$ cat entry15.pdb   # PDB, C-alpha atoms and all ligand atoms
ATOM      1  CA  MET M   1       0.000   0.000   0.000  1.00  0.00           C
ATOM      2  CA  GLY M   2       2.903   2.376   0.718  1.00  0.00           C
ATOM      3  CA  LEU M   3       2.275   5.037   3.317  1.00  0.00           C
ATOM      4  CA  ASN M   4       4.010   8.393   3.070  1.00  0.00           C
ATOM      5  CA  TYR M   5       6.236   9.806   5.648  1.00  0.00           C
ATOM      6  CA  THR M   6       7.332  13.403   5.438  1.00  0.00           C
ATOM      7  CA  MET M   7       8.540  15.825   8.009  1.00  0.00           C
ATOM      8  CA  LEU M   8       6.859  19.199   7.773  1.00  0.00           C
ATOM      9  CA  LEU M   9       8.785  22.463   8.011  1.00  0.00           C
ATOM     10  CA  ASP M  10       6.738  25.470   9.004  1.00  0.00           C
ATOM     11  CA  TYR M  11       9.014  28.368   8.028  1.00  0.00           C
ATOM     12  CA  GLU M  12       6.662  31.074   9.184  1.00  0.00           C
ATOM     13  CA  ASN M  13       6.540  29.855  12.768  1.00  0.00           C
ATOM     14  CA  LYS M  14       9.989  28.236  12.675  1.00  0.00           C
ATOM     15  CA  LEU M  15       8.633  24.847  13.629  1.00  0.00           C
ATOM     16  CA  VAL M  16       9.645  21.366  12.569  1.00  0.00           C
ATOM     17  CA  GLN M  17       6.601  19.158  12.763  1.00  0.00           C
ATOM     18  CA  VAL M  18       6.919  15.408  13.134  1.00  0.00           C
ATOM     19  CA  LYS M  19       4.382  12.662  13.603  1.00  0.00           C
ATOM     20  CA  CYS M  20       5.036   9.688  15.871  1.00  0.00           C
ATOM     21  CA  VAL M  21       2.722   6.737  16.398  1.00  0.00           C
ATOM     22  CA  TYR M  22       2.544   4.227  19.235  1.00  0.00           C
ATOM     23  CA  TYR M  23       1.643   0.951  17.573  1.00  0.00           C
ATOM     24  CA  GLY M  24       1.196  -2.597  18.836  1.00  0.00           C
ATOM     25  CA  PRO M  25      -1.266  -5.329  19.766  1.00  0.00           C
ATOM     26  CA  ALA M  26      -4.417  -4.752  21.797  1.00  0.00           C
ATOM     27  CA  MET M  27      -3.893  -3.937  25.469  1.00  0.00           C
ATOM     28  CA  SER M  28      -0.090  -3.821  25.236  1.00  0.00           C
ATOM     29  CA  GLY M  29       0.043  -0.395  26.916  1.00  0.00           C
ATOM     30  CA  LYS M  30       0.096   2.172  24.096  1.00  0.00           C
ATOM     31  CA  THR M  31      -2.392   4.567  25.683  1.00  0.00           C
ATOM     32  CA  THR M  32      -0.775   4.176  29.118  1.00  0.00           C
ATOM     33  CA  SER M  33       2.653   4.991  27.648  1.00  0.00           C
ATOM     34  CA  LEU M  34       1.458   8.112  25.879  1.00  0.00           C
ATOM     35  CA  ARG M  35      -0.512   9.235  28.935  1.00  0.00           C
ATOM     36  CA  TYR M  36       2.607   8.925  31.025  1.00  0.00           C
ATOM     37  CA  LEU M  37       4.584  10.992  28.530  1.00  0.00           C
ATOM     38  CA  PHE M  38       2.010  13.777  28.600  1.00  0.00           C
ATOM     39  CA  SER M  39       1.820  13.760  32.365  1.00  0.00           C
ATOM     40  CA  TYR M  40       5.632  13.811  32.592  1.00  0.00           C
ATOM     41  CA  PHE M  41       5.616  17.068  30.647  1.00  0.00           C
ATOM     42  CA  GLY M  42       2.800  18.448  32.790  1.00  0.00           C
ATOM     43  CA  LYS M  43       0.253  18.163  30.002  1.00  0.00           C
ATOM     44  CA  ASP M  44      -2.224  15.747  31.541  1.00  0.00           C
ATOM     45  CA  ASN M  45      -5.057  17.365  29.664  1.00  0.00           C
ATOM     46  CA  GLY M  46      -3.172  17.484  26.391  1.00  0.00           C
ATOM     47  CA  LEU M  47      -4.182  14.053  25.199  1.00  0.00           C
ATOM     48  CA  GLU M  48      -7.453  13.456  23.456  1.00  0.00           C
ATOM     49  CA  SER M  49      -8.681   9.896  23.658  1.00  0.00           C
ATOM     50  CA  ILE M  50     -11.578   8.364  21.851  1.00  0.00           C
ATOM     51  CA  GLU M  51     -12.474   5.408  24.009  1.00  0.00           C
ATOM     52  CA  ASN M  52     -15.340   3.066  24.647  1.00  0.00           C
ATOM     53  CA  SER M  53     -16.989   2.760  28.043  1.00  0.00           C
ATOM     54  CA  VAL M  54     -14.337   0.355  29.372  1.00  0.00           C
ATOM     55  CA  GLY M  55     -11.326   2.457  28.416  1.00  0.00           C
ATOM     56  CA  ARG M  56     -10.327   0.709  25.207  1.00  0.00           C
ATOM     57  CA  THR M  57      -9.112   2.949  22.407  1.00  0.00           C
ATOM     58  CA  LEU M  58     -11.716   3.158  19.662  1.00  0.00           C
ATOM     59  CA  PHE M  59      -9.769   4.963  16.975  1.00  0.00           C
ATOM     60  CA  PHE M  60      -6.701   6.640  18.418  1.00  0.00           C
ATOM     61  CA  ASP M  61      -5.347   8.917  21.107  1.00  0.00           C
ATOM     62  CA  PHE M  62      -3.867  12.168  19.911  1.00  0.00           C
ATOM     63  CA  GLY M  63      -1.898  14.984  21.457  1.00  0.00           C
ATOM     64  CA  VAL M  64       0.746  17.590  20.663  1.00  0.00           C
ATOM     65  CA  LEU M  65       3.979  18.251  22.519  1.00  0.00           C
ATOM     66  CA  GLN M  66       6.097  21.227  21.553  1.00  0.00           C
ATOM     67  CA  PHE M  67       9.701  21.855  22.525  1.00  0.00           C
ATOM     68  CA  LYS M  68      11.932  24.879  22.250  1.00  0.00           C
ATOM     69  CA  GLY M  69      15.022  24.824  20.098  1.00  0.00           C
ATOM     70  CA  ALA M  70      17.664  27.540  19.741  1.00  0.00           C
ATOM     71  CA  VAL M  71      16.057  28.817  16.558  1.00  0.00           C
ATOM     72  CA  TRP M  72      13.494  26.282  15.504  1.00  0.00           C
ATOM     73  CA  GLY M  73      10.906  24.636  17.713  1.00  0.00           C
ATOM     74  CA  LEU M  74       9.944  20.979  17.552  1.00  0.00           C
ATOM     75  CA  LYS M  75       6.319  20.048  17.338  1.00  0.00           C
ATOM     76  CA  PHE M  76       5.408  16.407  17.909  1.00  0.00           C
ATOM     77  CA  LEU M  77       2.062  15.075  16.827  1.00  0.00           C
ATOM     78  CA  LEU M  78       1.672  11.940  18.914  1.00  0.00           C
ATOM     79  CA  TYR M  79      -0.845   9.192  18.232  1.00  0.00           C
ATOM     80  CA  THR M  80      -1.687   5.704  19.413  1.00  0.00           C
ATOM     81  CA  ALA M  81      -3.247   3.348  16.904  1.00  0.00           C
ATOM     82  CA  THR M  82      -6.086   1.211  18.221  1.00  0.00           C
ATOM     83  CA  GLY M  83      -5.021  -2.343  19.001  1.00  0.00           C
ATOM     84  CA  GLN M  84      -8.496  -3.779  18.695  1.00  0.00           C
ATOM     85  CA  ASP M  85      -8.958  -5.622  15.435  1.00  0.00           C
ATOM     86  CA  PHE M  86     -12.558  -4.492  15.207  1.00  0.00           C
ATOM     87  CA  TYR M  87     -11.241  -1.008  14.361  1.00  0.00           C
ATOM     88  CA  ALA M  88      -8.265  -2.189  12.303  1.00  0.00           C
ATOM     89  CA  SER M  89      -9.440  -0.215   9.275  1.00  0.00           C
ATOM     90  CA  THR M  90      -8.562   3.053  11.057  1.00  0.00           C
ATOM     91  CA  ARG M  91      -4.888   2.106  11.513  1.00  0.00           C
ATOM     92  CA  PRO M  92      -3.576   3.080   8.053  1.00  0.00           C
ATOM     93  CA  ALA M  93      -5.020   6.592   8.463  1.00  0.00           C
ATOM     94  CA  THR M  94      -3.374   6.927  11.866  1.00  0.00           C
ATOM     95  CA  LEU M  95      -0.054   5.859  10.361  1.00  0.00           C
ATOM     96  CA  ASN M  96      -0.183   8.048   7.295  1.00  0.00           C
ATOM     97  CA  GLY M  97       2.645  10.585   7.245  1.00  0.00           C
ATOM     98  CA  VAL M  98       4.414   9.021  10.228  1.00  0.00           C
ATOM     99  CA  ASP M  99       8.052   9.986  10.928  1.00  0.00           C
ATOM    100  CA  GLY M 100       8.743   7.496  13.699  1.00  0.00           C
ATOM    101  CA  ILE M 101       7.085   4.547  15.427  1.00  0.00           C
ATOM    102  CA  ILE M 102       7.236   3.221  18.959  1.00  0.00           C
ATOM    103  CA  PHE M 103       6.110  -0.385  18.841  1.00  0.00           C
ATOM    104  CA  ILE M 104       4.689  -1.371  22.205  1.00  0.00           C
ATOM    105  CA  ALA M 105       5.091  -5.126  22.510  1.00  0.00           C
ATOM    106  CA  ASP M 106       3.588  -7.123  25.362  1.00  0.00           C
ATOM    107  CA  SER M 107       6.375  -8.852  27.297  1.00  0.00           C
ATOM    108  CA  GLN M 108       4.198 -11.765  28.321  1.00  0.00           C
ATOM    109  CA  ILE M 109       5.053 -14.891  26.331  1.00  0.00           C
ATOM    110  CA  LYS M 110       1.386 -15.774  25.997  1.00  0.00           C
ATOM    111  CA  TYR M 111       1.001 -12.715  23.757  1.00  0.00           C
ATOM    112  CA  LEU M 112       3.860 -13.597  21.430  1.00  0.00           C
ATOM    113  CA  GLU M 113       1.448 -14.319  18.617  1.00  0.00           C
ATOM    114  CA  HIS M 114      -0.387 -11.016  19.138  1.00  0.00           C
ATOM    115  CA  ASN M 115       2.923  -9.166  18.946  1.00  0.00           C
ATOM    116  CA  ILE M 116       3.877 -10.976  15.773  1.00  0.00           C
ATOM    117  CA  ARG M 117       0.521 -10.434  14.112  1.00  0.00           C
ATOM    118  CA  SER M 118       0.611  -6.721  14.895  1.00  0.00           C
ATOM    119  CA  TRP M 119       4.207  -6.454  13.682  1.00  0.00           C
ATOM    120  CA  ASN M 120       3.434  -8.247  10.416  1.00  0.00           C
ATOM    121  CA  GLU M 121       0.487  -5.978   9.810  1.00  0.00           C
ATOM    122  CA  LEU M 122       2.671  -2.925  10.298  1.00  0.00           C
ATOM    123  CA  ARG M 123       5.306  -4.258   7.917  1.00  0.00           C
ATOM    124  CA  THR M 124       2.697  -5.079   5.286  1.00  0.00           C
ATOM    125  CA  LEU M 125       1.179  -1.600   5.508  1.00  0.00           C
ATOM    126  CA  PHE M 126       4.497   0.020   4.611  1.00  0.00           C
ATOM    127  CA  GLY M 127       6.097  -2.461   2.263  1.00  0.00           C
ATOM    128  CA  PRO M 128       9.854  -2.128   1.673  1.00  0.00           C
ATOM    129  CA  GLU M 129       9.920   1.445   3.046  1.00  0.00           C
ATOM    130  CA  PHE M 130       9.254  -0.025   6.457  1.00  0.00           C
ATOM    131  CA  TYR M 131      12.952  -0.521   7.101  1.00  0.00           C
ATOM    132  CA  ASN M 132      13.698   3.184   6.692  1.00  0.00           C
ATOM    133  CA  ILE M 133      11.294   4.314   9.379  1.00  0.00           C
ATOM    134  CA  PRO M 134      12.910   5.111  12.732  1.00  0.00           C
ATOM    135  CA  LEU M 135      11.605   2.540  15.168  1.00  0.00           C
ATOM    136  CA  VAL M 136      11.806   1.854  18.881  1.00  0.00           C
ATOM    137  CA  VAL M 137      10.481  -1.433  20.231  1.00  0.00           C
ATOM    138  CA  SER M 138       9.416  -1.245  23.868  1.00  0.00           C
ATOM    139  CA  PHE M 139       8.884  -4.556  25.628  1.00  0.00           C
ATOM    140  CA  ASN M 140       6.183  -3.287  27.947  1.00  0.00           C
ATOM    141  CA  LYS M 141       4.573  -4.807  31.072  1.00  0.00           C
ATOM    142  CA  TYR M 142       8.029  -5.822  32.164  1.00  0.00           C
ATOM    143  CA  ASP M 143       6.841  -5.888  35.745  1.00  0.00           C
ATOM    144  CA  LEU M 144       4.483  -8.817  35.195  1.00  0.00           C
ATOM    145  CA  ASN M 145       5.871 -12.037  36.582  1.00  0.00           C
ATOM    146  CA  ASN M 146       2.792 -14.214  36.355  1.00  0.00           C
ATOM    147  CA  GLY M 147       4.096 -16.310  33.485  1.00  0.00           C
ATOM    148  CA  GLU M 148       7.070 -16.644  31.227  1.00  0.00           C
ATOM    149  CA  LYS M 149       8.535 -13.565  29.541  1.00  0.00           C
ATOM    150  CA  LEU M 150       8.803 -13.140  25.822  1.00  0.00           C
ATOM    151  CA  ASP M 151      12.252 -14.080  24.549  1.00  0.00           C
ATOM    152  CA  ARG M 152      13.559 -10.665  23.532  1.00  0.00           C
ATOM    153  CA  ASP M 153      16.369 -12.035  21.396  1.00  0.00           C
ATOM    154  CA  LEU M 154      14.054 -14.344  19.518  1.00  0.00           C
ATOM    155  CA  PHE M 155      11.694 -11.480  18.721  1.00  0.00           C
ATOM    156  CA  ILE M 156      14.591  -9.278  17.611  1.00  0.00           C
ATOM    157  CA  LYS M 157      15.778 -12.082  15.320  1.00  0.00           C
ATOM    158  CA  PHE M 158      12.274 -12.681  14.006  1.00  0.00           C
ATOM    159  CA  ILE M 159      11.801  -9.081  12.927  1.00  0.00           C
ATOM    160  CA  GLU M 160      15.174  -9.051  11.138  1.00  0.00           C
ATOM    161  CA  SER M 161      16.321  -6.005  13.035  1.00  0.00           C
ATOM    162  CA  GLU M 162      19.518  -5.771  10.960  1.00  0.00           C
ATOM    163  CA  LYS M 163      17.432  -4.590   7.995  1.00  0.00           C
ATOM    164  CA  PHE M 164      16.463  -1.340   9.730  1.00  0.00           C
ATOM    165  CA  SER M 165      18.357   1.908   9.366  1.00  0.00           C
ATOM    166  CA  HIS M 166      17.349   2.968  12.886  1.00  0.00           C
ATOM    167  CA  ILE M 167      15.967   0.594  15.463  1.00  0.00           C
ATOM    168  CA  SER M 168      16.430   0.100  19.177  1.00  0.00           C
ATOM    169  CA  PHE M 169      14.905  -1.944  21.970  1.00  0.00           C
ATOM    170  CA  ASN M 170      14.114  -1.313  25.576  1.00  0.00           C
ATOM    171  CA  GLU M 171      11.973  -2.553  28.421  1.00  0.00           C
ATOM    172  CA  THR M 172       9.171  -0.466  29.842  1.00  0.00           C
ATOM    173  CA  ILE M 173       6.602  -0.463  32.615  1.00  0.00           C
ATOM    174  CA  ALA M 174       4.122   2.077  31.294  1.00  0.00           C
ATOM    175  CA  THR M 175       1.989   2.057  34.432  1.00  0.00           C
ATOM    176  CA  GLU M 176       5.000   3.285  36.420  1.00  0.00           C
ATOM    177  CA  GLY M 177       6.541   5.293  33.592  1.00  0.00           C
ATOM    178  CA  VAL M 178       9.701   3.195  33.624  1.00  0.00           C
ATOM    179  CA  GLY M 179      11.566   3.523  30.306  1.00  0.00           C
ATOM    180  CA  VAL M 180       8.799   5.501  28.596  1.00  0.00           C
ATOM    181  CA  LEU M 181      10.783   8.718  28.305  1.00  0.00           C
ATOM    182  CA  ASP M 182      13.852   6.770  27.129  1.00  0.00           C
ATOM    183  CA  SER M 183      11.859   5.318  24.240  1.00  0.00           C
ATOM    184  CA  PHE M 184      10.693   8.777  23.224  1.00  0.00           C
ATOM    185  CA  GLN M 185      14.197  10.285  23.493  1.00  0.00           C
ATOM    186  CA  GLN M 186      15.619   7.441  21.469  1.00  0.00           C
ATOM    187  CA  LEU M 187      13.058   7.944  18.720  1.00  0.00           C
ATOM    188  CA  ILE M 188      13.833  11.669  18.615  1.00  0.00           C
ATOM    189  CA  SER M 189      17.545  11.005  18.274  1.00  0.00           C
ATOM    190  CA  PHE M 190      16.771   8.685  15.337  1.00  0.00           C
ATOM    191  CA  ILE M 191      14.565  11.280  13.643  1.00  0.00           C
ATOM    192  CA  PHE M 192      17.021  14.113  14.273  1.00  0.00           C
ATOM    193  CA  PRO M 193      20.422  12.404  14.272  1.00  0.00           C
ATOM    194  CA  GLN M 194      22.215  15.728  13.884  1.00  0.00           C
ATOM    195  CA  LEU M 195      20.568  17.388  16.843  1.00  0.00           C
ATOM    196  CA  ASN M 196      21.405  16.908  20.437  1.00  0.00           C
ATOM    197  CA  VAL M 197      17.781  17.264  21.453  1.00  0.00           C
ATOM    198  CA  LYS M 198      16.938  17.418  25.110  1.00  0.00           C
ATOM    199  CA  VAL M 199      13.232  17.395  25.566  1.00  0.00           C
ATOM    200  CA  ASN M 200      12.996  18.824  29.024  1.00  0.00           C
ATOM    201  CA  GLN M 201      11.017  21.948  28.434  1.00  0.00           C
ATOM    202  CA  THR M 202       7.727  22.161  26.620  1.00  0.00           C
ATOM    203  CA  LEU M 203       6.514  25.365  25.039  1.00  0.00           C
TER     204      LEU M 203
HETATM  205  N1  LIG T   1       1.222  -4.392  34.960  1.00  0.00           N
HETATM  206  C1  LIG T   1       1.236  -3.557  33.927  1.00  0.00           C
HETATM  207  N2  LIG T   1       0.070  -3.183  33.359  1.00  0.00           N
HETATM  208  C2  LIG T   1       0.123  -2.327  32.317  1.00  0.00           C
HETATM  209  C3  LIG T   1       1.349  -1.808  31.814  1.00  0.00           C
HETATM  210  N3  LIG T   1       1.060  -0.997  30.788  1.00  0.00           N
HETATM  211  C4  LIG T   1      -0.273  -0.982  30.641  1.00  0.00           C
HETATM  212  N4  LIG T   1      -0.853  -1.790  31.562  1.00  0.00           N
HETATM  213  C5  LIG T   1      -2.297  -2.069  31.742  1.00  0.00           C
HETATM  214  O1  LIG T   1      -2.742  -2.796  30.598  1.00  0.00           O
HETATM  215  C6  LIG T   1      -4.075  -2.406  30.251  1.00  0.00           C
HETATM  216  C7  LIG T   1      -4.130  -1.916  28.800  1.00  0.00           C
HETATM  217  O2  LIG T   1      -3.386  -0.727  28.681  1.00  0.00           O
HETATM  218  P1  LIG T   1      -3.683   0.360  27.547  1.00  0.00           P
HETATM  219  O3  LIG T   1      -2.642   1.419  27.663  1.00  0.00           O
HETATM  220  O4  LIG T   1      -5.105   0.761  27.567  1.00  0.00           O
HETATM  221  O5  LIG T   1      -3.400  -0.537  26.260  1.00  0.00           O
HETATM  222  P2  LIG T   1      -3.560  -0.123  24.739  1.00  0.00           P
HETATM  223  O6  LIG T   1      -2.374  -0.704  24.056  1.00  0.00           O
HETATM  224  O7  LIG T   1      -3.776   1.336  24.597  1.00  0.00           O
HETATM  225  O8  LIG T   1      -4.880  -0.953  24.347  1.00  0.00           O
HETATM  226  P3  LIG T   1      -5.873  -0.708  23.082  1.00  0.00           P
HETATM  227  O9  LIG T   1      -6.099   0.750  22.961  1.00  0.00           O
HETATM  228  O10 LIG T   1      -7.097  -1.480  23.396  1.00  0.00           O
HETATM  229  O11 LIG T   1      -5.145  -1.285  21.912  1.00  0.00           O
HETATM  230  C8  LIG T   1      -4.477  -1.329  31.250  1.00  0.00           C
HETATM  231  O12 LIG T   1      -5.208  -1.966  32.291  1.00  0.00           O
HETATM  232  C9  LIG T   1      -3.140  -0.808  31.780  1.00  0.00           C
HETATM  233  O13 LIG T   1      -3.220  -0.301  33.099  1.00  0.00           O
HETATM  234  C10 LIG T   1       2.570  -2.220  32.447  1.00  0.00           C
HETATM  235  O14 LIG T   1       3.687  -1.861  32.083  1.00  0.00           O
HETATM  236  N5  LIG T   1       2.442  -3.094  33.499  1.00  0.00           N
HETATM  237 MG    MG T   2      -5.226   2.380  23.691  1.00  0.00          MG
END

$ encode --input "entry15.pdb" --output "structure tokens"
Amino acid sequence: MGLNYTMLLDYENKLVQVKCVYYGPAMSGKTTSLRYLFSYFGKDNGLESIENSVGRTLFFDFGVLQFKGAVWGLKFLLYTATGQDFYASTRPATLNGVDGIIFIADSQIKYLEHNIRSWNELRTLFGPEFYNIPLVVSFNKYDLNNGEKLDRDLFIKFIESEKFSHISFNETIATEGVGVLDSFQQLISFIFPQLNVKVNQTL
């Protein structure tokens, strides 16, 4: 299908605008991760979520975080794609124009297949361009010990990580915010390799 990805430069307002999407299987912790990020930057009300009555994402969550640069500002449009297959048809629209992806995998071995299915869907949506998109894989729910953990190395091998221009892996506990900021920082450094971006102050 071939989705576009283009960074937007707004010369008038001196803003670089990028779009990042949290993607992954249902219930892996995408919304929780993005909520944590917004609350970390003191923007608890900055995230719009379209949810059903039991807190599952219907279409997406969306919010904007803006950071100051010396001359140019950075504007991040942040989305989560719904993990529920019932709404799968909305995922390509959420991904369109994406500059970077944080793939939230579920660390529980029993969800290996869900992770793989979601990953394969993502790869199919992009085709060969997939490997050029900056990507961070977060093995989330790392705190859960009620069952075997996903074999990280096996997953990394399965996705043929060596094919990517920019990919990294980390472990997160979204409910406690552990590793969530690291994933975001890592993605930024992939998108802006030349910049030493420190996202500590929002506009
Ligand atoms: N123990 C634990 N629970 C988590 C973690 N991250 C998320 N959860 C819980 O997992 C459930 C699903 O989290 P969500 O953030 O709604 O998952 P999602 O990926 O947005 O789900 P969909 O929008 O339905 O695709 C919630 O009950 C969260 O509190 C984590 O790191 N550890
Ligand atoms: Mg969600």

$ axis_aligned_box --input "entry15.pdb" --around "ligand LIG 1 (chain T)" --padding-each-side "5 Å" --output "lines of an AutoDock Vina configuration file"
center_x = -1.7
center_y = -1.5
center_z = 28.4
size_x = 20.8
size_y = 15.8
size_z = 23.0

$ resolve_selection --input "entry15.pdb" --expression "the PyMOL selection byres (((not hetatm)) within 10 of (chain T and resi 1))" --output "CSV table (one decimal) with C-alpha atoms, in the frame of the given file"
chain,number,residue,atom,x,y,z
M,22,TYR,CA,2.5,4.2,19.2
M,23,TYR,CA,1.6,1.0,17.6
M,24,GLY,CA,1.2,-2.6,18.8
M,25,PRO,CA,-1.3,-5.3,19.8
M,26,ALA,CA,-4.4,-4.8,21.8
M,27,MET,CA,-3.9,-3.9,25.5
M,28,SER,CA,-0.1,-3.8,25.2
M,29,GLY,CA,0.0,-0.4,26.9
M,30,LYS,CA,0.1,2.2,24.1
M,31,THR,CA,-2.4,4.6,25.7
M,32,THR,CA,-0.8,4.2,29.1
M,33,SER,CA,2.7,5.0,27.6
M,34,LEU,CA,1.5,8.1,25.9
M,35,ARG,CA,-0.5,9.2,28.9
M,36,TYR,CA,2.6,8.9,31.0
M,49,SER,CA,-8.7,9.9,23.7
M,50,ILE,CA,-11.6,8.4,21.9
M,51,GLU,CA,-12.5,5.4,24.0
M,52,ASN,CA,-15.3,3.1,24.6
M,54,VAL,CA,-14.3,0.4,29.4
M,55,GLY,CA,-11.3,2.5,28.4
M,56,ARG,CA,-10.3,0.7,25.2
M,57,THR,CA,-9.1,2.9,22.4
M,58,LEU,CA,-11.7,3.2,19.7
M,59,PHE,CA,-9.8,5.0,17.0
M,60,PHE,CA,-6.7,6.6,18.4
M,61,ASP,CA,-5.3,8.9,21.1
M,80,THR,CA,-1.7,5.7,19.4
M,81,ALA,CA,-3.2,3.3,16.9
M,82,THR,CA,-6.1,1.2,18.2
M,83,GLY,CA,-5.0,-2.3,19.0
M,84,GLN,CA,-8.5,-3.8,18.7
M,85,ASP,CA,-9.0,-5.6,15.4
M,87,TYR,CA,-11.2,-1.0,14.4
M,103,PHE,CA,6.1,-0.4,18.8
M,104,ILE,CA,4.7,-1.4,22.2
M,105,ALA,CA,5.1,-5.1,22.5
M,106,ASP,CA,3.6,-7.1,25.4
M,107,SER,CA,6.4,-8.9,27.3
M,139,PHE,CA,8.9,-4.6,25.6
M,140,ASN,CA,6.2,-3.3,27.9
M,141,LYS,CA,4.6,-4.8,31.1
M,142,TYR,CA,8.0,-5.8,32.2
M,143,ASP,CA,6.8,-5.9,35.7
M,144,LEU,CA,4.5,-8.8,35.2
M,145,ASN,CA,5.9,-12.0,36.6
M,171,GLU,CA,12.0,-2.6,28.4
M,172,THR,CA,9.2,-0.5,29.8
M,173,ILE,CA,6.6,-0.5,32.6
M,174,ALA,CA,4.1,2.1,31.3
M,175,THR,CA,2.0,2.1,34.4
M,176,GLU,CA,5.0,3.3,36.4
M,177,GLY,CA,6.5,5.3,33.6
M,178,VAL,CA,9.7,3.2,33.6
M,179,GLY,CA,11.6,3.5,30.3
M,180,VAL,CA,8.8,5.5,28.6

$ closest_residue --input "entry15.pdb" --among "M:Arg123, M:Arg91, M:Arg152, M:His114" --to "Val21 in chain M" --atoms "all atoms listed in the file"
M:Arg91

$ resolve_selection --input "entry15.pdb" --expression "the PyMOL selection byres (((chain M and resi 46) around 9) and not hetatm)" --output "list in words"
Phe38, Ser39, Gly42, Lys43, Asp44, Asn45, Leu47, Glu48, Phe62, Gly63, Val64 and Leu65 of chain M

$ residues_near_point --input "entry15.pdb" --point "(10.2, -4.6, 7.7)" --cutoff "9 Å" --atoms "only C-alpha atoms" --output "list in words"
Trp119, Asn120, Leu122, Arg123, Thr124, Phe126, Gly127, Pro128, Glu129, Phe130, Tyr131, Asn132, Ile159, Glu160, Ser161, Lys163 and Phe164 of chain M

$ closest_residue --input "entry15.pdb" --among "M:Ile188, M:Val71, M:Leu77, M:Ile116" --to "Gly97 in chain M" --atoms "all atoms listed in the file"
M:Leu77

$ closest_residue --input "entry15.pdb" --among "M:Ile156, M:Ile101, M:Leu15, M:Leu112" --to "Gln186 in chain M" --atoms "all atoms listed in the file"
M:Ile101

$ residues_around --input "entry15.pdb" --residues "Leu9 in chain M" --least-positions-apart "5" --cutoff "12 Å" --atoms "all atoms listed in the file" --output "list in words"
Lys14, Leu15, Val16, Gln17, Val18, Trp72, Gly73, Leu74 and Lys75 of chain M

$ atom_distance --input "entry15.pdb" --atom1 "CA of Glu148 in chain M" --atom2 "CA of Glu121 in chain M"
24.8 Å

$ atom_distance --input "entry15.pdb" --atom1 "CA of Tyr11 in chain M" --atom2 "CA of Ile133 in chain M"
24.2 Å

$ atom_distance --input "entry15.pdb" --atom1 "CA of Val136 in chain M" --atom2 "CA of Asp153 in chain M"
14.8 Å

$ closest_residue --input "entry15.pdb" --among "M:Tyr79, M:Lys19, M:Val137, M:Pro92" --to "ligand MG 2 (chain T)" --atoms "all atoms listed in the file"
M:Tyr79

$ build_atoms --input "entry15.pdb" --residues "range 24-37 of chain M" --atoms "N, CA and C atoms" --output "compact mmCIF listing (two decimals), keeping the file's coordinate frame"
# COMPACT_ATOMS: atom_id res chain seq x y z
N GLY M 24 0.99 -1.31 18.17
CA GLY M 24 1.20 -2.60 18.84
C GLY M 24 -0.12 -3.31 19.06
N PRO M 25 -0.05 -4.54 19.59
CA PRO M 25 -1.27 -5.33 19.77
C PRO M 25 -2.21 -4.74 20.82
N ALA M 26 -3.41 -5.22 20.85
CA ALA M 26 -4.42 -4.75 21.80
C ALA M 26 -3.91 -4.91 23.22
N MET M 27 -4.17 -3.89 24.03
CA MET M 27 -3.89 -3.94 25.47
C MET M 27 -2.41 -4.02 25.85
N SER M 28 -1.52 -3.70 24.91
CA SER M 28 -0.09 -3.82 25.24
C SER M 28 0.41 -2.66 26.08
N GLY M 29 -0.35 -1.54 26.08
CA GLY M 29 0.04 -0.40 26.92
C GLY M 29 0.36 0.87 26.13
N LYS M 30 -0.18 0.99 24.93
CA LYS M 30 0.10 2.17 24.10
C LYS M 30 -0.47 3.45 24.72
N THR M 31 -1.75 3.39 25.09
CA THR M 31 -2.39 4.57 25.68
C THR M 31 -1.71 4.93 27.01
N THR M 32 -1.41 3.92 27.82
CA THR M 32 -0.78 4.18 29.12
C THR M 32 0.59 4.85 28.92
N SER M 33 1.33 4.40 27.93
CA SER M 33 2.65 4.99 27.65
C SER M 33 2.51 6.46 27.25
N LEU M 34 1.61 6.73 26.35
CA LEU M 34 1.46 8.11 25.88
C LEU M 34 0.92 9.01 26.99
N ARG M 35 0.01 8.46 27.79
CA ARG M 35 -0.51 9.24 28.94
C ARG M 35 0.60 9.60 29.88
N TYR M 36 1.49 8.65 30.13
CA TYR M 36 2.61 8.93 31.02
C TYR M 36 3.47 10.06 30.46
N LEU M 37 3.75 9.97 29.17
CA LEU M 37 4.58 10.99 28.53
C LEU M 37 3.97 12.38 28.70
